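**Student:** Can you read through this structure? Questions will come right after.
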Amino acid sequence: MNLREHIRDIPNYPKEGIVFFDITPLLSSPKAFRFAVDQLAEKFGSRGATKIAAAEARGFIFAAPLA
């Protein structure tokens with residue numbers, strides 16, 4: 001699955017010259033969201049982490065299923 005197809009570009013937001021990557025379409029697709037979480041778990045699952053930090057406003061959405 002190409003997750004980039006589930007991420008919308010919003011040019012010039014919040015200011016000129018910046019492209020904001022909106023993950024709302026990703027979050028609204030259960031298959032894409034599950035795939036994203038599975039990809040994160042596959043990449044980082046074997047690193048021995050005992051804690052997961054959600055460092056941004058939407059980070060908790062991914063941190064909870066990863067934990």
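How things are named: the first chain in the structure tokens is A, the next is B, and so on; residues count from 1 in each chain; ligands count from 1 in the order shown.
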Taking the chain letters and numbering used in this document, name the residues of chain A that DSSP puts in strand (DSSP E), as a PDB file with N, CA, C and O atoms, in the first residue's frame.
**Tutor:**
```pdb
ATOM      1  N   ARG A   8      -2.717  14.239   2.329  1.00  0.00           N
ATOM      2  CA  ARG A   8      -3.063  15.375   1.478  1.00  0.00           C
ATOM      3  C   ARG A   8      -2.073  16.515   1.701  1.00  0.00           C
ATOM      4  O   ARG A   8      -1.735  16.838   2.839  1.00  0.00           O
ATOM      5  N   ASP A   9      -1.616  17.106   0.605  1.00  0.00           N
ATOM      6  CA  ASP A   9      -0.748  18.282   0.667  1.00  0.00           C
ATOM      7  C   ASP A   9      -1.611  19.542   0.719  1.00  0.00           C
ATOM      8  O   ASP A   9      -2.527  19.700  -0.089  1.00  0.00           O
ATOM      9  N   ILE A  10      -1.304  20.417   1.640  1.00  0.00           N
ATOM     10  CA  ILE A  10      -1.962  21.723   1.705  1.00  0.00           C
ATOM     11  C   ILE A  10      -0.852  22.767   1.571  1.00  0.00           C
ATOM     12  O   ILE A  10      -0.139  23.047   2.529  1.00  0.00           O
ATOM     13  N   PRO A  11      -0.692  23.310   0.347  1.00  0.00           N
ATOM     14  CA  PRO A  11       0.391  24.261   0.127  1.00  0.00           C
ATOM     15  C   PRO A  11       0.152  25.593   0.837  1.00  0.00           C
ATOM     16  O   PRO A  11      -0.989  26.013   1.046  1.00  0.00           O
ATOM     17  N   VAL A  19       4.524  23.436   2.966  1.00  0.00           N
ATOM     18  CA  VAL A  19       3.498  22.471   2.580  1.00  0.00           C
ATOM     19  C   VAL A  19       3.142  21.667   3.826  1.00  0.00           C
ATOM     20  O   VAL A  19       3.992  20.998   4.412  1.00  0.00           O
ATOM     21  N   PHE A  20       1.883  21.743   4.231  1.00  0.00           N
ATOM     22  CA  PHE A  20       1.383  20.996   5.385  1.00  0.00           C
ATOM     23  C   PHE A  20       0.907  19.637   4.902  1.00  0.00           C
ATOM     24  O   PHE A  20       0.171  19.539   3.914  1.00  0.00           O
ATOM     25  N   PHE A  21       1.339  18.580   5.555  1.00  0.00           N
ATOM     26  CA  PHE A  21       0.912  17.228   5.210  1.00  0.00           C
ATOM     27  C   PHE A  21      -0.243  16.838   6.132  1.00  0.00           C
ATOM     28  O   PHE A  21      -0.047  16.586   7.320  1.00  0.00           O
ATOM     29  N   ASP A  22      -1.434  16.776   5.578  1.00  0.00           N
ATOM     30  CA  ASP A  22      -2.647  16.472   6.331  1.00  0.00           C
ATOM     31  C   ASP A  22      -2.869  14.968   6.354  1.00  0.00           C
ATOM     32  O   ASP A  22      -3.057  14.339   5.303  1.00  0.00           O
TER      33      ASP A  22
END
```
**Student:** Would you list, as JSON, numbers by chain, the residues of chain A that end up in helix (DSSP H, G or I) under DSSP run on this structure's backbone?
**Tutor:** {"A": [3, 4, 5, 6, 24, 25, 26, 27, 30, 31, 32, 33, 34, 35, 36, 37, 38, 39, 40, 41, 42, 43, 44, 45, 46, 47, 59, 60, 61, 62, 63, 64, 65, 66]}
**Student:** In Å, with one decimal, what is the gap from atom CA of Ala36 of chain A to atom CA of Leu3 of chain A?
**Tutor:**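 A separation of 7.2 Å between them.
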**Student:** Show which residues sit within 10 Å of Ala64 of chain A, as a PyMOL selection string. Count only C-alpha atoms, and ignore same-chain residues fewer than 5 positions away.
**Tutor:** chain A and resi 37+52-54+59
**Student:** Could you check which of A:Glu5, A:Ala67, A:Ser28, A:Lys15 is closest to Ala49 of chain A, using only C-alpha atoms?
**Tutor:**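 Distance minimum relative to Ala49 of chain A lands on A:Ala67.
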**Student:** Go through A:Thr50, A:Asn2, A:Glu16, A:Gly45 and flag the residue nearest Lys31 of chain A, using only C-alpha atoms for the distances.
**Tutor:**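 The closest residue to Lys31 of chain A is A:Asn2.
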**Student:** What does the distance between atom CA of Pro14 of chain A and atom CA of Ala57 of chain A come to in Å, to one decimal place?
**Tutor:**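 Straight-line distance from atom CA of Pro14 of chain A to atom CA of Ala57 of chain A works out to 15.5 Å.
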**Student:** For a test of reading the model, state the distance in Å between atom CA of Leu40 of chain A and atom CA of Ile61 of chain A, rounded to one decimal.
**Tutor:**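 Atom CA of Ile61 of chain A lies at a distance of 12.6 Å from atom CA of Leu40 of chain A.
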**Student:** Using only C-alpha atoms, determine which residues lie at most 7 Å from Leu26 of chain A, disregarding the query and same-chain residues fewer than 3 positions distant; provide the list as a ChimeraX atom specification.
**Tutor:** /A:6-7,23,29,32-33
**Student:** May I have the residues from that selection written out with N, CA, C and O atoms, as a PDB file, in the first residue's frame?
**Tutor:**
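Saved the output as result-v8.pdb:
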```pdb
ATOM      1  N   HIS A   6      -2.688   8.564   0.884  1.00  0.00           N
ATOM      2  CA  HIS A   6      -3.623   8.882   1.965  1.00  0.00           C
ATOM      3  C   HIS A   6      -3.195  10.113   2.761  1.00  0.00           C
ATOM      4  O   HIS A   6      -3.697  10.349   3.859  1.00  0.00           O
ATOM      5  N   ILE A   7      -2.255  10.868   2.207  1.00  0.00           N
ATOM      6  CA  ILE A   7      -1.788  12.089   2.855  1.00  0.00           C
ATOM      7  C   ILE A   7      -1.985  13.242   1.888  1.00  0.00           C
ATOM      8  O   ILE A   7      -1.498  13.210   0.755  1.00  0.00           O
ATOM      9  N   ILE A  23      -2.874  14.373   7.556  1.00  0.00           N
ATOM     10  CA  ILE A  23      -3.056  12.918   7.673  1.00  0.00           C
ATOM     11  C   ILE A  23      -4.511  12.525   7.917  1.00  0.00           C
ATOM     12  O   ILE A  23      -4.795  11.349   8.139  1.00  0.00           O
ATOM     13  N   SER A  29      -9.196   6.110   6.929  1.00  0.00           N
ATOM     14  CA  SER A  29      -9.158   4.819   6.243  1.00  0.00           C
ATOM     15  C   SER A  29      -8.622   3.752   7.195  1.00  0.00           C
ATOM     16  O   SER A  29      -7.410   3.717   7.475  1.00  0.00           O
ATOM     17  N   ALA A  32      -5.624   1.828   5.743  1.00  0.00           N
ATOM     18  CA  ALA A  32      -4.390   2.609   5.645  1.00  0.00           C
ATOM     19  C   ALA A  32      -3.802   2.867   7.040  1.00  0.00           C
ATOM     20  O   ALA A  32      -2.588   2.776   7.228  1.00  0.00           O
ATOM     21  N   PHE A  33      -4.663   3.178   8.007  1.00  0.00           N
ATOM     22  CA  PHE A  33      -4.175   3.423   9.365  1.00  0.00           C
ATOM     23  C   PHE A  33      -3.519   2.173   9.935  1.00  0.00           C
ATOM     24  O   PHE A  33      -2.422   2.226  10.495  1.00  0.00           O
TER      25      PHE A  33
END
```
